[in-house]
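To start, the structure under review is shown below, and the notes come after it.
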Amino acid sequence: MLSFSIAKNEIRHLLRERTFFLILSVFILITLASTYIGWSSQHTIESVYQESAILLTAAGQNVPPSPFSNLPTLDIVKNMIIYIVLIGSLLAITVGHSIGTKDQKAGVVRILFSKPVTKKDVLIGKVTSLMLVLFAIMIVSLGISIASIAMLSEIHSAMFLQLIGFYGISFLYILGFGLLGLAFGLMKRESATALLIPVIIWIVITFALPEMGSALYPTSSLNPILPQTNILDSPVLSTIHNILYPFSISEHYKLLSSAILALQGTESVVSVTYSPIMNMFILTIWLILTLAVSIYAMSKFDISRGDVYE
Amino acid sequence: MIEKASMNEIMKESPSKEETSFSSFVVDVRNLAKRYGDFAAVNDLTLQVKKGEIFGFLGHNGAGKTTTINMLTTLLEPSSGSGKVAGYDIINESLEVRRRIGYLPENVQFYDSMTAYENLEYFAKLSGIKKPDSQIWEVLDFLDARSYADKKISALSKGMRQRIGIAQAIIHEPEILFLDEPTTGLDPFGVKQLRDIILRLNSQKGITIFMNTHLLQEVTKTCSTIGVLNHGSLIYLDSLSNTMKRFKDEGSLEDIYLNIENNEEE
């Protein structure tokens, strides 16, 4: 009951924040843009193919099959995977940070804990509000994706399930970042530091670890053609890969999402990959770890804190 | 000038202590201490406050008054010693203590994006009141603050916020109200209004008041008992009437206060 009141208050506070609505609007826009860009790319190449086919037929030459003929319909939302990794997780950090620092910024920590509430009540309330807000964002995004696919292409019942699965996984992925934002919001006495640390973790998970753990090929980020030589044959690089790959959370999320959406051509460049079940297991561990950090942060939270929060 | 011998006799002496039964103490702490490394913020504090009193806790900046209130309100765990507030242990029964106390911190603040009513509703629910509407209006009427209800906290003056602060502290009808430097930042009119509120809370609602203050003048006008804390140690404790009798040669309470502190330091 107390946690419910706390969660309700957190959500009310977020909904009154302009920054939150600005970020949410951006997220909705990128969801729309993702589908449109996916559809537009397919449509453009298909048009070029059709014109080429006409020219080839007129010239009496054989017409090769369309490169997009075997693509799944959900291929047009594949950009959402990278948008979730890049923007969704940042949005979640912002939301978590806002929830974690709210009481300190308002200067009500002492009043709050002079009431018969425990740290556990407060943490449950804050985590619940974080989950509800991120869940609502994912639901909105799912709705937009379904509506835009229905408008631009055709949608079947199986696709609903695939999209629900994808947004479910995305929810778990960004929830981990939200929990980090919450935890450091509780842990640090300066707002800037509290935001900076989870952002640094986000940079490491999103860019550094995938580069070191699964994209050890020097030109892999520039050259779409898979290298002919497997440089992981090098013992040093292979060891680095084996150590870092399990921690490459964003890679596991991307691979799992691609598997759920049944996307083509998304196989990893690394020689050793995990099964979707293993990807899911690692994402679960990620979530448990971030929750543990939040619990630790709340356990160390100074409830007699009365100084000015900056 | 008071002789040190006579000063020592009256120090830490509560004349009515023997006449009072244990259960009539709302605050009863024994050898309470809070240490940060080698520094003792509060040292060996033994103190009792009776039901219905208005207790003025005096001391200079850094004397340990806020640390004491933080321990009594269960916000801070003591390093050693024991204590009961409203009959419950401040260490092992902190939630029971919190159910029975009200607390107004120095420079009270609220959620700026919410109205006064919304803030009160939230804190009332956290105090265990499921449907607090009638209590909110009742307490706002008591404090003559009904007109503030729909205003955003950011739009309220310091004095107005102080009233809303008291409202959140008394909405669940606590046995004891802890006020930490309640007059800080108030103009003389605001101070007088606050004094009247404190007296009415005590006389009409029967709430015991524990008040940290710098303003000695306020002590004479509101408090029934005073305690003086110096460098974390309680150096004086007596009723205001006894204090005024014992120091009748002093021109003002300020002289008494300075005398007490000077004698202790010698």
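Quick note on naming: the chains in the structure tokens go A, B, ... in the order shown, residues restart at 1 in each chain, and ligands are numbered from 1 in order of appearance.
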Could you name the residues that touch Lys84 of chain B at 7 Å or less, counting only C-alpha atoms, but leaving out those on the same chain fewer than 4 positions away, as a ChimeraX atom specification? /B:27-29,88-90
Where does DSSP see helix (DSSP H, G or I) in segment 2-249 of chain A, if you list the residues as a ChimeraX atom specification? /A:2-15,18-58,73-77,79-106,109-113,119-152,157-187,191-213,231-233,235-247,249
Within 10 Å of chain B, which residues belong to chain A? Use only C-alpha atoms and report them as a PyMOL selection string. chain A and resi 1-3+5-6+8-9+12-14+16-17+102-103+105-118+302-306
What gap, in Å, lies between atom CA of Ile201 of chain A and atom CA of Thr19 of chain A?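 Taking atom CA of Ile201 of chain A and atom CA of Thr19 of chain A, their separation equals 21.9 Å.
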Report as a tab-separated table (two decimals) with N, CA, C and O atoms, in the first residue's frame all protein, DNA and RNA residues lying within 8 Å of Asn230 of chain B, evaluated on only C-alpha atoms, omitting residues in the same chain fewer than 6 positions from it.
```tsv
chain	number	residue	atom	x	y	z
B	59	GLY	N	21.30	25.55	22.12
B	59	GLY	CA	22.71	25.24	21.88
B	59	GLY	C	23.21	26.01	20.68
B	59	GLY	O	22.43	26.38	19.80
B	60	HIS	N	24.50	26.25	20.66
B	60	HIS	CA	25.08	26.99	19.55
B	60	HIS	C	25.14	26.10	18.29
B	60	HIS	O	24.85	24.90	18.36
B	63	ALA	N	26.32	22.23	18.09
B	63	ALA	CA	26.29	21.66	19.45
B	63	ALA	C	25.79	20.22	19.46
B	63	ALA	O	26.06	19.48	20.40
B	64	GLY	N	25.06	19.85	18.43
B	64	GLY	CA	24.55	18.47	18.34
B	64	GLY	C	23.03	18.38	18.45
B	64	GLY	O	22.48	17.28	18.60
B	261	GLU	N	26.88	28.38	29.60
B	261	GLU	CA	27.92	27.88	28.68
B	261	GLU	C	29.31	28.26	29.15
B	261	GLU	O	30.23	27.45	29.11
```
Ala40 of chain B environment, 12 Å, only C-alpha atoms, sequence neighbours closer than 2 positions dropped, as a PyMOL selection string: chain B and resi 32-38+42-45+62-64+67-68+78-80+230-233
If you keep N, CA, C and O atoms, can you produce a file of those selected residues as a CSV table (one decimal), in the first residue's frame?
```csv
chain,number,residue,atom,x,y,z
B,32,LEU,N,22.9,8.4,25.5
B,32,LEU,CA,22.8,8.4,24.0
B,32,LEU,C,24.1,9.1,23.4
B,32,LEU,O,24.5,10.2,23.9
B,33,ALA,N,24.7,8.5,22.4
B,33,ALA,CA,25.9,9.1,21.8
B,33,ALA,C,25.9,8.9,20.3
B,33,ALA,O,25.4,7.9,19.8
B,34,LYS,N,26.4,9.8,19.6
B,34,LYS,CA,26.7,9.7,18.2
B,34,LYS,C,28.1,10.2,17.9
B,34,LYS,O,28.4,11.3,18.1
B,35,ARG,N,28.9,9.2,17.4
B,35,ARG,CA,30.3,9.5,17.1
B,35,ARG,C,30.6,9.3,15.6
B,35,ARG,O,30.1,8.4,15.0
B,36,TYR,N,31.4,10.2,15.1
B,36,TYR,CA,31.9,10.1,13.7
B,36,TYR,C,33.4,10.0,13.8
B,36,TYR,O,34.1,11.0,14.0
B,37,GLY,N,33.9,8.8,13.9
B,37,GLY,CA,35.3,8.6,14.1
B,37,GLY,C,35.7,9.0,15.5
B,37,GLY,O,35.0,8.6,16.5
B,38,ASP,N,36.6,10.0,15.7
B,38,ASP,CA,37.0,10.5,17.0
B,38,ASP,C,36.0,11.6,17.5
B,38,ASP,O,36.1,12.0,18.7
B,42,VAL,N,27.2,13.9,19.6
B,42,VAL,CA,26.4,13.9,20.8
B,42,VAL,C,27.1,12.9,21.8
B,42,VAL,O,27.5,11.8,21.4
B,43,ASN,N,27.2,13.4,23.0
B,43,ASN,CA,28.0,12.6,24.0
B,43,ASN,C,27.2,12.3,25.2
B,43,ASN,O,26.9,13.2,26.0
B,44,ASP,N,26.9,11.0,25.5
B,44,ASP,CA,26.4,10.6,26.8
B,44,ASP,C,25.2,11.4,27.2
B,44,ASP,O,25.1,11.9,28.3
B,45,LEU,N,24.2,11.5,26.3
B,45,LEU,CA,23.0,12.3,26.5
B,45,LEU,C,22.0,11.5,27.3
B,45,LEU,O,21.5,10.5,26.8
B,62,GLY,N,26.3,23.6,15.7
B,62,GLY,CA,27.2,22.4,15.8
B,62,GLY,C,27.2,21.8,17.2
B,62,GLY,O,28.1,21.0,17.5
B,63,ALA,N,26.3,22.2,18.1
B,63,ALA,CA,26.3,21.7,19.5
B,63,ALA,C,25.8,20.2,19.5
B,63,ALA,O,26.1,19.5,20.4
B,64,GLY,N,25.1,19.9,18.4
B,64,GLY,CA,24.5,18.5,18.3
B,64,GLY,C,23.0,18.4,18.4
B,64,GLY,O,22.5,17.3,18.6
B,67,THR,N,21.5,16.6,15.4
B,67,THR,CA,21.9,15.1,15.5
B,67,THR,C,21.0,14.4,16.5
B,67,THR,O,20.6,13.3,16.3
B,68,THR,N,20.8,15.1,17.6
B,68,THR,CA,19.9,14.5,18.6
B,68,THR,C,18.5,14.3,18.1
B,68,THR,O,17.9,13.2,18.2
B,78,PRO,N,22.0,5.7,16.8
B,78,PRO,CA,23.0,6.1,17.7
B,78,PRO,C,24.2,5.2,17.7
B,78,PRO,O,24.1,4.0,17.4
B,79,SER,N,25.3,5.7,18.1
B,79,SER,CA,26.5,4.9,18.2
B,79,SER,C,26.5,4.1,19.5
B,79,SER,O,26.9,2.9,19.5
B,80,SER,N,25.9,4.6,20.5
B,80,SER,CA,25.7,3.9,21.8
B,80,SER,C,24.6,4.5,22.6
B,80,SER,O,24.1,5.6,22.2
B,230,ASN,N,25.9,21.6,24.8
B,230,ASN,CA,27.2,22.3,24.5
B,230,ASN,C,28.2,21.2,24.1
B,230,ASN,O,28.5,20.3,24.8
B,231,HIS,N,28.7,21.4,22.8
B,231,HIS,CA,29.7,20.4,22.3
B,231,HIS,C,29.2,19.0,22.5
B,231,HIS,O,30.0,18.1,22.9
B,232,GLY,N,27.9,18.7,22.2
B,232,GLY,CA,27.4,17.4,22.3
B,232,GLY,C,27.0,16.9,23.7
B,232,GLY,O,26.5,15.8,23.8
B,233,SER,N,27.2,17.7,24.7
B,233,SER,CA,26.9,17.2,26.0
B,233,SER,C,25.8,18.1,26.6
B,233,SER,O,25.8,19.4,26.4
```
